[in-house]
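Engineer: Just so it is clear, I am handing over input-v7.csv, which has CSV, C-alpha atoms.
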chain,number,residue,atom,x,y,z
A,1,ALA,CA,-99.5,23.8,3.3
A,2,TRP,CA,-96.5,22.4,1.5
A,3,GLN,CA,-93.5,24.6,1.8
A,4,MET,CA,-90.2,24.0,0.0
A,5,THR,CA,-87.0,23.9,2.1
A,6,ARG,CA,-85.2,27.1,2.8
A,7,ARG,CA,-81.5,26.9,3.6
A,8,THR,CA,-79.8,29.4,5.9
A,9,ILE,CA,-77.1,31.6,4.4
A,10,ASN,CA,-76.9,34.5,6.8
A,11,PRO,CA,-76.4,33.1,10.4
A,12,THR,CA,-77.9,36.3,11.8
A,13,SER,CA,-81.3,35.8,10.1
A,14,SER,CA,-84.1,37.3,12.1
A,15,ALA,CA,-86.7,35.3,14.1
A,16,SER,CA,-89.3,37.7,12.6
A,17,LEU,CA,-89.3,35.1,9.8
A,18,PHE,CA,-91.8,33.2,11.9
A,19,LYS,CA,-95.3,34.5,12.4
A,20,ASN,CA,-97.9,33.8,15.0
A,21,ILE,CA,-95.9,31.2,17.0
A,22,LYS,CA,-98.1,30.0,19.8
A,23,LYS,CA,-97.2,26.3,20.2
A,24,ILE,CA,-93.8,24.7,19.6
A,25,LEU,CA,-92.8,21.1,19.5
A,26,VAL,CA,-89.2,20.0,20.1
A,27,ILE,CA,-88.5,16.4,19.1
A,28,LYS,CA,-85.5,14.4,20.5
A,29,PHE,CA,-85.7,10.6,20.0
A,30,ARG,CA,-82.4,9.7,21.5
A,31,HIS,CA,-80.8,8.5,24.7
A,32,ILE,CA,-80.7,10.2,28.2
A,33,GLY,CA,-77.6,12.3,27.8
A,34,ASP,CA,-78.6,13.4,24.3
A,35,VAL,CA,-82.0,14.6,25.6
A,36,LEU,CA,-80.4,16.5,28.5
A,37,LEU,CA,-78.1,18.4,26.1
A,38,THR,CA,-81.1,20.0,24.3
A,39,VAL,CA,-81.9,22.3,27.2
A,40,PRO,CA,-80.2,25.5,25.8
A,41,THR,CA,-82.0,25.0,22.5
A,42,ILE,CA,-85.3,24.8,24.4
A,43,ARG,CA,-84.4,27.9,26.4
A,44,ALA,CA,-83.7,29.8,23.2
A,45,LEU,CA,-87.1,29.0,21.8
A,46,LYS,CA,-88.8,30.0,25.1
A,47,GLU,CA,-86.9,33.3,25.3
A,48,THR,CA,-87.5,34.2,21.7
A,49,PHE,CA,-91.2,33.3,21.7
A,50,SER,CA,-92.0,34.1,25.3
A,51,ASP,CA,-95.8,33.8,24.8
A,52,ALA,CA,-95.5,30.4,23.1
A,53,SER,CA,-96.1,27.1,24.8
A,54,VAL,CA,-93.1,24.7,24.4
A,55,SER,CA,-93.7,21.0,24.3
A,56,VAL,CA,-90.8,18.4,24.1
A,57,LEU,CA,-91.3,14.9,22.7
A,58,VAL,CA,-88.8,12.3,23.9
A,59,ASN,CA,-88.5,8.5,24.1
A,60,SER,CA,-89.8,6.8,27.2
A,61,GLY,CA,-87.1,6.3,29.8
A,62,THR,CA,-85.4,9.7,29.0
A,63,GLU,CA,-88.1,12.1,30.2
A,64,GLU,CA,-86.7,12.3,33.8
A,65,VAL,CA,-83.8,14.5,32.7
A,66,LEU,CA,-86.2,17.2,31.6
A,67,SER,CA,-89.0,16.9,34.2
A,68,GLY,CA,-89.3,19.9,36.5
A,69,ASN,CA,-87.6,22.3,34.1
A,70,PRO,CA,-89.7,25.5,34.1
A,71,ILE,CA,-88.9,26.4,30.5
A,72,ILE,CA,-90.9,23.3,29.3
A,73,ASN,CA,-94.7,23.6,29.3
A,74,GLU,CA,-95.4,20.0,28.4
A,75,LEU,CA,-93.3,16.9,28.3
A,76,MET,CA,-94.6,14.3,25.9
A,77,VAL,CA,-93.3,10.7,25.9
A,78,PHE,CA,-93.2,8.2,23.0
A,79,ASP,CA,-93.4,4.7,24.3
A,80,ARG,CA,-90.6,2.7,22.7
A,81,ALA,CA,-92.3,-0.5,23.6
A,82,ILE,CA,-94.6,0.1,20.6
A,83,LYS,CA,-92.0,-1.2,18.2
A,84,ASP,CA,-92.2,-4.6,19.8
A,85,LEU,CA,-96.0,-4.9,19.2
A,86,PRO,CA,-97.4,-7.0,16.3
A,87,ILE,CA,-97.2,-4.9,13.1
A,88,ILE,CA,-100.9,-4.1,12.8
A,89,LYS,CA,-101.2,-3.1,16.5
A,90,ARG,CA,-98.0,-1.1,16.2
A,91,TYR,CA,-99.4,0.9,13.2
A,92,ILE,CA,-102.6,1.5,15.1
A,93,GLU,CA,-100.7,2.8,18.2
A,94,GLU,CA,-98.5,5.0,16.0
A,95,ALA,CA,-101.5,6.4,14.2
A,96,MET,CA,-103.2,7.3,17.4
A,97,PHE,CA,-100.1,9.0,18.7
A,98,LEU,CA,-99.8,11.0,15.5
A,99,LYS,CA,-103.4,12.0,15.8
A,100,LYS,CA,-102.6,13.3,19.3
A,101,ILE,CA,-99.8,15.4,17.9
A,102,ARG,CA,-101.9,16.9,15.2
A,103,THR,CA,-104.7,17.9,17.5
A,104,LYS,CA,-102.2,19.9,19.5
A,105,GLY,CA,-102.1,22.5,16.8
A,106,PHE,CA,-98.3,23.1,16.8
A,107,ASN,CA,-97.1,26.1,14.7
A,108,MET,CA,-93.5,25.1,14.8
A,109,THR,CA,-91.5,21.8,15.1
A,110,VAL,CA,-87.8,21.7,15.9
A,111,ASP,CA,-86.4,18.2,15.1
A,112,LEU,CA,-83.2,17.7,17.0
A,113,THR,CA,-83.1,14.0,16.2
A,114,GLY,CA,-82.3,13.8,12.6
A,115,GLY,CA,-83.9,10.4,12.2
A,116,ASP,CA,-86.5,9.3,9.6
A,117,ARG,CA,-89.3,8.8,12.2
A,118,SER,CA,-88.9,12.3,13.6
A,119,ALA,CA,-88.8,13.8,10.1
A,120,VAL,CA,-92.1,12.2,9.1
A,121,LEU,CA,-93.7,13.1,12.5
A,122,SER,CA,-92.5,16.7,12.1
A,123,PHE,CA,-94.1,16.9,8.6
A,124,LEU,CA,-97.4,15.2,9.6
A,125,SER,CA,-97.7,17.3,12.7
A,126,GLY,CA,-99.3,20.1,10.6
A,127,ALA,CA,-96.9,22.7,11.8
A,128,ARG,CA,-96.3,25.6,9.4
A,129,TYR,CA,-92.6,25.9,10.3
A,130,ARG,CA,-90.4,22.8,10.6
A,131,LEU,CA,-86.8,23.3,11.5
A,132,ALA,CA,-83.9,20.7,11.5
A,133,ALA,CA,-80.2,20.3,10.8
A,134,ASP,CA,-79.2,19.8,7.2
A,135,LEU,CA,-77.9,16.2,7.1
A,136,GLY,CA,-77.3,16.2,3.4
A,137,ARG,CA,-78.2,12.9,1.8
A,138,LYS,CA,-78.7,11.0,5.1
A,139,GLY,CA,-82.0,9.2,5.3
A,140,PHE,CA,-84.6,8.4,2.7
A,141,ILE,CA,-84.8,10.2,-0.7
A,142,GLY,CA,-86.7,13.5,-0.4
A,143,LYS,CA,-86.4,13.6,3.4
A,144,LYS,CA,-85.1,17.2,3.4
A,145,TYR,CA,-88.3,18.4,1.8
A,146,LEU,CA,-90.3,17.5,4.9
A,147,TYR,CA,-88.8,20.5,6.6
A,148,THR,CA,-89.2,24.2,5.8
A,149,HIS,CA,-85.9,25.4,7.4
A,150,LEU,CA,-82.6,23.5,7.4
A,151,ALA,CA,-79.6,24.7,9.3
A,152,ASN,CA,-76.0,24.0,8.3
A,153,ILE,CA,-74.3,22.7,11.4
A,154,ASP,CA,-70.6,22.7,12.3
A,155,ARG,CA,-70.0,19.1,13.5
A,156,GLN,CA,-66.8,20.1,15.2
A,157,LYS,CA,-68.7,22.1,17.8
A,158,HIS,CA,-69.9,20.6,21.1
A,159,ILE,CA,-73.3,18.8,20.7
A,160,VAL,CA,-75.0,21.5,22.9
A,161,LEU,CA,-73.9,24.2,20.4
A,162,GLN,CA,-74.8,21.9,17.4
A,163,ASN,CA,-78.4,21.6,18.8
A,164,LEU,CA,-78.5,25.4,19.4
A,165,ASP,CA,-77.4,26.1,15.8
A,166,VAL,CA,-80.5,24.4,14.5
A,167,VAL,CA,-82.5,27.4,15.7
A,168,LYS,CA,-79.8,30.0,16.1
A,169,ARG,CA,-79.2,30.1,12.3
A,170,PHE,CA,-82.7,31.6,12.1
A,171,GLY,CA,-82.3,34.2,14.8
A,172,ILE,CA,-83.6,32.1,17.7
A,173,THR,CA,-80.9,32.2,20.4
A,174,THR,CA,-80.0,32.7,24.0
A,175,ASP,CA,-77.1,34.0,26.0
A,176,ASN,CA,-77.5,31.3,28.6
A,177,THR,CA,-76.2,28.0,27.3
A,178,ASN,CA,-76.2,26.3,30.7
A,179,VAL,CA,-77.5,22.7,30.8
A,180,ASP,CA,-79.9,22.7,33.8
A,181,PHE,CA,-81.1,19.6,35.7
A,182,PHE,CA,-83.8,19.9,38.3
A,183,VAL,CA,-83.8,17.7,41.4
A,184,PRO,CA,-86.8,17.8,43.7
A,185,GLU,CA,-85.9,18.9,47.3
A,186,GLU,CA,-87.3,15.7,48.8
A,187,ILE,CA,-85.0,13.6,46.7
A,188,LYS,CA,-82.0,15.7,47.7
A,189,GLN,CA,-82.9,15.2,51.4
A,190,SER,CA,-83.4,11.5,50.9
A,191,ILE,CA,-79.9,11.1,49.5
A,192,LYS,CA,-78.4,13.3,52.3
A,193,LYS,CA,-80.2,11.2,54.9
A,194,THR,CA,-78.7,8.0,53.3
A,195,LEU,CA,-75.2,9.5,53.4
A,196,VAL,CA,-75.5,10.6,57.0
A,197,GLU,CA,-76.8,7.2,58.1
A,198,ASN,CA,-73.6,5.8,56.7
A,199,GLY,CA,-71.3,8.0,58.7
A,200,ILE,CA,-70.7,10.7,56.1
A,201,THR,CA,-70.6,14.2,57.5
A,202,GLU,CA,-70.4,17.7,55.9
A,203,LYS,CA,-66.7,17.7,56.5
A,204,ASP,CA,-66.1,14.6,54.5
A,205,LYS,CA,-65.0,14.6,50.9
A,206,ILE,CA,-67.3,12.6,48.7
A,207,VAL,CA,-66.4,11.2,45.3
A,208,HIS,CA,-69.2,9.8,43.1
A,209,VAL,CA,-67.8,7.0,40.8
A,210,HIS,CA,-70.0,5.7,38.0
A,211,PRO,CA,-67.7,3.2,36.2
A,212,THR,CA,-70.1,2.0,33.5
A,213,SER,CA,-71.9,3.0,30.3
A,214,ARG,CA,-74.7,1.3,28.4
A,215,TRP,CA,-71.9,0.8,25.8
A,216,LEU,CA,-69.3,-1.2,27.6
A,217,PHE,CA,-66.7,-0.6,25.0
A,218,LYS,CA,-66.5,3.0,26.5
A,219,CYS,CA,-65.5,1.6,29.9
A,220,TRP,CA,-62.2,1.5,31.6
A,221,LYS,CA,-60.3,-1.6,32.8
A,222,ASP,CA,-61.8,-3.1,35.9
A,223,GLU,CA,-58.4,-3.3,37.5
A,224,TYR,CA,-57.7,0.4,36.9
A,225,MET,CA,-61.0,1.6,38.2
A,226,ALA,CA,-60.6,-0.6,41.3
A,227,GLU,CA,-57.2,0.9,41.9
A,228,ILE,CA,-58.6,4.4,41.8
A,229,ILE,CA,-61.4,3.5,44.3
A,230,SER,CA,-58.9,1.8,46.6
A,231,TRP,CA,-56.6,4.8,46.4
A,232,LEU,CA,-59.4,7.2,47.3
A,233,ILE,CA,-60.4,5.1,50.3
A,234,ASP,CA,-56.8,5.1,51.5
A,235,LYS,CA,-56.9,8.9,51.3
A,236,GLY,CA,-59.9,8.9,53.6
A,237,VAL,CA,-62.4,9.9,50.8
A,238,LYS,CA,-65.9,8.6,50.9
A,239,VAL,CA,-66.8,6.8,47.7
A,240,VAL,CA,-70.3,6.3,46.3
A,241,VAL,CA,-70.4,3.8,43.5
A,242,THR,CA,-73.4,3.7,41.1
A,243,SER,CA,-74.4,2.0,37.9
A,244,ALA,CA,-77.6,1.5,35.8
A,245,PRO,CA,-79.8,-1.5,36.7
A,246,ASP,CA,-78.8,-3.2,33.5
A,247,LYS,CA,-77.3,-6.6,34.3
A,248,ARG,CA,-74.2,-6.1,32.3
A,249,GLU,CA,-73.4,-2.8,34.0
A,250,MET,CA,-74.1,-4.2,37.4
A,251,ASP,CA,-71.9,-7.2,36.8
A,252,LYS,CA,-69.1,-5.0,35.7
A,253,ALA,CA,-69.5,-2.8,38.9
A,254,LYS,CA,-69.5,-5.9,41.0
A,255,ARG,CA,-66.3,-7.1,39.4
A,256,ILE,CA,-64.7,-3.8,40.1
A,257,LEU,CA,-65.8,-3.8,43.8
A,258,SER,CA,-64.6,-7.4,44.3
A,259,LEU,CA,-61.1,-6.2,43.3
A,260,VAL,CA,-61.5,-3.4,45.8
A,261,LEU,CA,-62.3,-5.9,48.5
A,262,LYS,CA,-59.2,-7.9,47.7
A,263,LYS,CA,-57.1,-4.8,48.2
A,264,HIS,CA,-58.9,-3.7,51.3
A,265,THR,CA,-58.9,-6.7,53.6
A,266,GLU,CA,-60.2,-4.5,56.4
A,267,VAL,CA,-63.6,-4.3,54.6
A,268,LYS,CA,-65.0,-7.7,55.6
A,269,LYS,CA,-68.7,-7.6,55.9
A,270,MET,CA,-71.7,-6.5,54.0
A,271,ARG,CA,-75.0,-5.3,55.4
A,272,SER,CA,-78.3,-4.2,53.9
A,273,TYR,CA,-80.2,-0.9,54.2
A,274,GLU,CA,-83.8,-0.3,53.3
A,275,ASP,CA,-85.1,3.2,52.6
A,276,LYS,CA,-88.7,3.7,51.6
A,277,ASN,CA,-87.9,6.9,49.8
A,278,PHE,CA,-86.0,4.9,47.1
A,279,SER,CA,-88.0,3.7,44.0
A,280,THR,CA,-86.9,0.1,44.4
A,281,SER,CA,-88.1,-2.5,46.9
A,282,GLN,CA,-84.8,-4.3,47.0
A,283,PRO,CA,-82.3,-3.5,49.8
A,284,LEU,CA,-79.4,-1.2,49.3
A,285,ASN,CA,-76.2,-2.9,49.9
A,286,PHE,CA,-73.2,-1.2,51.5
A,287,LEU,CA,-69.6,-2.2,52.0
A,288,THR,CA,-68.7,-1.3,55.5
A,289,SER,CA,-65.6,-1.4,57.7
A,290,GLN,CA,-65.6,-3.2,61.1
A,291,THR,CA,-63.5,-0.4,62.6
A,292,SER,CA,-64.9,2.8,61.1
A,293,ASP,CA,-67.9,4.3,59.3
A,294,SER,CA,-68.5,3.3,55.7
A,295,ASN,CA,-66.0,4.6,53.2
A,296,LEU,CA,-67.6,2.8,50.3
A,297,ILE,CA,-71.3,3.0,49.5
A,298,TYR,CA,-72.8,0.7,46.9
A,299,LEU,CA,-75.8,2.0,45.1
A,300,CYS,CA,-75.5,0.2,41.8
A,301,GLY,CA,-78.8,-0.3,40.1
A,302,LYS,CA,-80.7,1.3,43.0
A,303,THR,CA,-81.3,4.9,42.0
A,304,SER,CA,-83.6,6.7,39.6
A,305,ILE,CA,-82.2,9.3,37.3
A,306,LYS,CA,-83.2,12.1,39.8
A,307,GLN,CA,-81.6,10.2,42.7
A,308,LEU,CA,-78.4,9.7,40.7
A,309,ALA,CA,-78.3,13.4,40.1
A,310,ALA,CA,-78.8,14.1,43.8
A,311,VAL,CA,-75.8,11.8,44.6
A,312,SER,CA,-73.6,13.8,42.2
A,313,GLU,CA,-74.9,17.1,43.6
A,314,ALA,CA,-74.0,15.9,47.1
A,315,SER,CA,-70.5,14.9,46.0
A,316,ASP,CA,-67.3,17.0,45.6
A,317,LEU,CA,-66.2,15.1,42.5
A,318,PHE,CA,-67.6,12.8,39.8
A,319,ILE,CA,-65.4,10.2,38.1
A,320,GLY,CA,-66.7,8.2,35.1
A,321,VAL,CA,-66.6,7.5,31.4
A,322,ASP,CA,-68.6,8.9,28.6
A,323,SER,CA,-72.2,8.3,29.8
A,324,ALA,CA,-75.4,10.0,30.7
A,325,PRO,CA,-74.5,10.2,34.4
A,326,MET,CA,-71.4,12.1,33.4
A,327,HIS,CA,-73.5,14.7,31.6
A,328,ILE,CA,-75.9,14.8,34.6
A,329,ALA,CA,-73.1,15.4,37.1
A,330,ALA,CA,-71.9,18.3,34.9
A,331,ALA,CA,-75.4,19.7,34.8
A,332,VAL,CA,-75.8,19.8,38.6
A,333,GLY,CA,-72.5,21.6,38.9
A,334,THR,CA,-70.2,18.9,40.2
A,335,PRO,CA,-66.6,18.9,39.0
A,336,VAL,CA,-66.2,16.0,36.5
A,337,ILE,CA,-63.3,13.8,35.6
A,338,ALA,CA,-64.3,12.0,32.4
A,339,LEU,CA,-62.4,9.2,30.8
A,340,PHE,CA,-62.8,9.4,27.0
A,341,GLY,CA,-61.8,6.8,24.5
A,342,PRO,CA,-63.5,6.3,21.2
A,343,THR,CA,-66.0,9.3,21.6
A,344,GLY,CA,-65.4,12.6,19.8
A,345,LYS,CA,-64.7,15.8,21.8
A,346,GLU,CA,-68.2,17.1,20.9
A,347,TRP,CA,-69.6,14.9,23.7
A,348,MET,CA,-67.3,16.0,26.4
A,349,PRO,CA,-68.9,17.3,29.7
A,350,TYR,CA,-70.4,20.8,29.1
A,351,CYS,CA,-69.3,22.6,32.3
A,352,LYS,CA,-66.5,24.6,33.8
A,353,GLY,CA,-63.9,22.9,36.0
A,354,ASN,CA,-64.1,19.5,34.3
A,355,ILE,CA,-61.0,17.4,33.4
A,356,VAL,CA,-61.2,15.1,30.3
A,357,ILE,CA,-58.6,12.4,30.2
A,358,SER,CA,-58.1,11.2,26.6
A,359,LYS,CA,-55.2,9.7,24.6
A,360,ASP,CA,-54.5,10.8,21.1
A,361,MET,CA,-54.8,8.0,18.6
A,362,PRO,CA,-55.0,8.1,14.8
A,363,CYS,CA,-58.2,6.0,14.8
A,364,LYS,CA,-60.2,8.4,17.0
A,365,PRO,CA,-63.0,9.1,17.1
A,366,CYS,CA,-64.7,5.9,15.9
A,367,LYS,CA,-67.9,4.0,16.5
A,368,LYS,CA,-66.6,0.5,16.5
A,369,GLY,CA,-67.5,-1.9,19.3
A,370,MET,CA,-63.9,-3.2,19.7
A,371,CYS,CA,-60.3,-2.9,18.6
A,372,GLU,CA,-58.9,-5.7,16.5
A,373,GLY,CA,-61.5,-8.1,18.0
A,374,ILE,CA,-60.7,-7.1,21.6
A,375,GLU,CA,-63.6,-5.7,23.6
A,376,LEU,CA,-61.4,-3.3,25.6
A,377,ARG,CA,-60.5,-0.4,23.5
A,378,ASP,CA,-56.9,0.6,23.0
A,379,CYS,CA,-57.8,4.2,23.5
A,380,MET,CA,-59.2,3.4,27.0
A,381,THR,CA,-56.5,1.1,28.2
A,382,ALA,CA,-54.0,3.8,27.2
A,383,ILE,CA,-55.4,5.8,30.1
A,384,LYS,CA,-53.5,4.8,33.3
A,385,PRO,CA,-54.5,5.1,36.9
A,386,ASP,CA,-51.8,7.7,37.5
A,387,ASP,CA,-53.5,10.0,34.9
A,388,VAL,CA,-56.7,9.9,37.0
A,389,LYS,CA,-54.9,10.3,40.3
A,390,GLU,CA,-53.2,13.4,39.0
A,391,ALA,CA,-56.6,14.9,37.9
A,392,VAL,CA,-58.1,14.0,41.3
A,393,ASN,CA,-55.3,15.8,43.1
A,394,LYS,CA,-55.9,18.9,41.1
A,395,ILE,CA,-59.5,19.1,42.0
A,396,LEU,CA,-59.4,17.8,45.6
A,397,LYS,CA,-55.9,19.0,46.4
A,398,GLU,CA,-56.9,20.6,49.7
A,399,ALA,CA,-58.4,17.3,50.9
A,400,LEU,CA,-55.6,15.0,49.7
How does this structure look as C-alpha cells?
Structural biologist:
Amino acid sequence: AWQMTRRTINPTSSASLFKNIKKILVIKFRHIGDVLLTVPTIRALKETFSDASVSVLVNSGTEEVLSGNPIINELMVFDRAIKDLPIIKRYIEEAMFLKKIRTKGFNMTVDLTGGDRSAVLSFLSGARYRLAADLGRKGFIGKKYLYTHLANIDRQKHIVLQNLDVVKRFGITTDNTNVDFFVPEEIKQSIKKTLVENGITEKDKIVHVHPTSRWLFKCWKDEYMAEIISWLIDKGVKVVVTSAPDKREMDKAKRILSLVLKKHTEVKKMRSYEDKNFSTSQPLNFLTSQTSDSNLIYLCGKTSIKQLAAVSEASDLFIGVDSAPMHIAAAVGTPVIALFGPTGKEWMPYCKGNIVISKDMPCKPCKKGMCEGIELRDCMTAIKPDDVKEAVNKILKEAL
C-alpha cells in the first residue's frame, strides 16, 4: 500500500511504530569500506527485532566484509556486471532480480545507500516500512515519496553513526557500535604459517603497510612511503606490504618497493613462494635478505579480503591511507595510523587507539581528483615522514 513519507521530529521515537516485523532488508550499494561500516546498524535491527530475519543486499565484490557475521541471516549480492549487458538483457536480469526480492516478502527495508536504484528497489520490494536518510532534493523528483520513514542525519558525525541514525531516529538502536569483521580460523592459520615460513616469530613486531587506495589521489608520495618502510626495516621491524590486484595499485606498490631496494642494498634477491591455501595460482613474491630472515614480505595483489584482514590481525600496527583495508584493520582491532588528505573526518578509522595524520587546509574536505592539475594532492604531500615516524614511535615505543 502507498504510504506518505513521515519525517522524524522526536529522536526518541519508539520502535513500536513498526508492527509484525519478520523479514528486514538492508540495502548498501557502495564500496567495500562503506559496506563494512553498516555493521552497527544491522546489529541495531537484529537486537530490536530479535525474531526477525535480517538480509543484507550489497554489490558484488563487497560481500566478503560481511560474510560470517552471525547477526546477518542472509547475504544477497547484486551483480554489478549486469550494467555492462546489452540494454534488453540488462532489463531482463534486473526484472528477475526484483522478482526475487519481492518473493522474499520483506516487511521492512532500510536503504543505507541513498541512490536512485536503491530507492526504487526499496519501493518495489513490497515492504510496508521503508526507511532511509533524508537527502533533501538529491535524486529524481518525488524520490522521497518512495520511503515511509525519512531520518534527518547529522553529516558531521562519523559515517558509522550516520548509518545508525537512519534507524535510531525511529527507536531502533544498540549500545554496541563496534564494527565487527569475521575471519575464518583456517585463513588465520594460513597467514600465520606464511609469516613463520619467512622467519617471523611471535617475538617480532609486525607492521602491515597498505600504501594504496582505489582512488590514487588519496595516496602518499612514493618516496615518503618508501622512507617509512626503510626506516621500519632499519629498526628491525617486519613489514608486510599489500595492495589490491588492480594494476594501478600494484604498479604504485612496486615503485615504492623499488625505492626501498635502492636504500637497502643488502636486500639483493627475490624468491617465489607458493601456498595452496591462497586464492591465486600465481606465486607470492618475497624480498629477502642474504644474511637474515625476511624483513619485507610482498603480498601485493595476492590476498582475498579475508586474507588481508588476517594479515592486519596478525600485525602490531597498520599504516595506510583512507581505504577499505584501513577500515578492515580497525575492525579486527589492530592499531591504525591513517594518512588523511582530501577525505572528511567522518571517514576516519572507527576504533580506539588509532592515529590519524592530517593537515589543515582551507580546501578540505573535497572530492576533486587533483590540486591545480597535479595528481598528488597538496593535503597529502603536506604530511611528512617525520609525522608518521612520530606516530609509529607512540604505538610501538617499546619495540623501537
Engineer: Using only C-alpha atoms, what residues lie at most 7 Å away from (-67.0, 3.6, 25.5) (file coordinates), given as a list of chain:residue names?
Structural biologist: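 Residues found, by chain and rising number: A:Ser213, A:Trp215, A:Leu216, A:Phe217, A:Lys218, A:Cys219, A:Asp322, A:Gly341, A:Pro342, A:Thr343.
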Engineer: Which one of A:Asn295, A:Thr177, A:Ser358, A:Ser55 sits closest to A:Ile206 if you count all atoms listed in the file?
Structural biologist: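 Of all the options, A:Asn295 lies closest to A:Ile206.
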Engineer: Would you please work out which residue, of A:Asn107, A:Asn393, A:Ser125, A:Asn69, is nearest to A:Leu232 when using only C-alpha atoms?
Structural biologist: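 Looking only at the distances to A:Leu232, the closest residue turns out to be A:Asn393.
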Engineer: Taking all atoms listed in the file into account, name the residue in A:Val120, A:Ile172, A:Ile187, A:Ala338 that is nearest to A:Pro40.
Structural biologist: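 Distance minimum relative to A:Pro40 lands on A:Ile172.
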Engineer: Name all residues at most 12 Å from A:Asp360 (count all atoms listed in the file; drop same-chain ones fewer than 5 positions away) and give them as a ChimeraX atom specification.
Structural biologist: /A:340-345,365,378-380,382-383
Engineer: Just want the 12 Å neighbourhood of stretch 72-74 of chain A, counted on all atoms listed in the file, with same-chain residues fewer than 6 positions away dropped. Output as number ranges by chain.
Structural biologist: A: 22-26, 38-47, 50-58, 63, 65-66, 104, 180, 182
Engineer: What is the atom CA of A:Thr103-atom CA of A:Ala127 distance in Å, reported with one decimal?
Structural biologist: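 Atom CA of A:Ala127 lies 10.8 Å from atom CA of A:Thr103.
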Engineer: Quick one: distance from atom CA of A:Lys192 to atom CA of A:His327 in Å, one decimal?
Structural biologist: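 Atom CA of A:Lys192 sits 21.3 Å away from atom CA of A:His327.
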Engineer: Which residue out of A:Arg130, A:Lys397, A:Lys263, A:Lys252 has the minimum interatomic distance to A:Ile229 when all atoms listed in the file are used?
Structural biologist: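 Of A:Arg130, A:Lys397, A:Lys263, A:Lys252, the one nearest A:Ile229 is A:Lys263, counting all atoms listed in the file.
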Engineer: Which polymer residues have any atom within 8 Å of an atom of A:Ile82, counting only C-alpha atoms, with same-chain residues fewer than 5 positions away left out, as number ranges by chain?
Structural biologist: A: 90, 93-94
Engineer: Near A:Phe29, counting only C-alpha atoms, which residues have an atom at most 10 Å away, once you skip same-chain residues fewer than 3 positions from it, shown as a list in words?
Structural biologist: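 The filter keeps Ile32, Asp34, Val35, Leu57, Val58, Asn59, Ser60, Thr62, Val77, Phe78, Arg80, Asp111, Leu112, Thr113, Gly114, Gly115, Arg117 and Ser118 of chain A.
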Engineer: Neighbours of A:Asp316 within 7 Å (all atoms listed in the file; same-chain residues fewer than 3 positions away dropped), as a list in words?
Structural biologist: Lys205, Ile206, Val207, Thr334 and Pro335 of chain A
Engineer: For A:Ala119, which residue out of A:Lys144, A:Lys306, A:Lys203, A:Lys99 is the nearest one, using all atoms listed in the file?
Structural biologist: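 Checking each of A:Lys144, A:Lys306, A:Lys203, A:Lys99 against A:Ala119, counting all atoms listed in the file, the winner is A:Lys144.
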Engineer: For atom CA of A:Arg169 and atom CA of A:Ser122, quote the distance in Å rounded to one decimal.
Structural biologist: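 Here the two named atoms are 18.9 Å from each other.
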Engineer: Which of these, A:Leu124, A:Ala309, A:Lys384, A:Cys351, has the shortest distance to A:Glu223 once you count only C-alpha atoms?
Structural biologist: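 Closest to A:Glu223, using only C-alpha atoms: A:Lys384.
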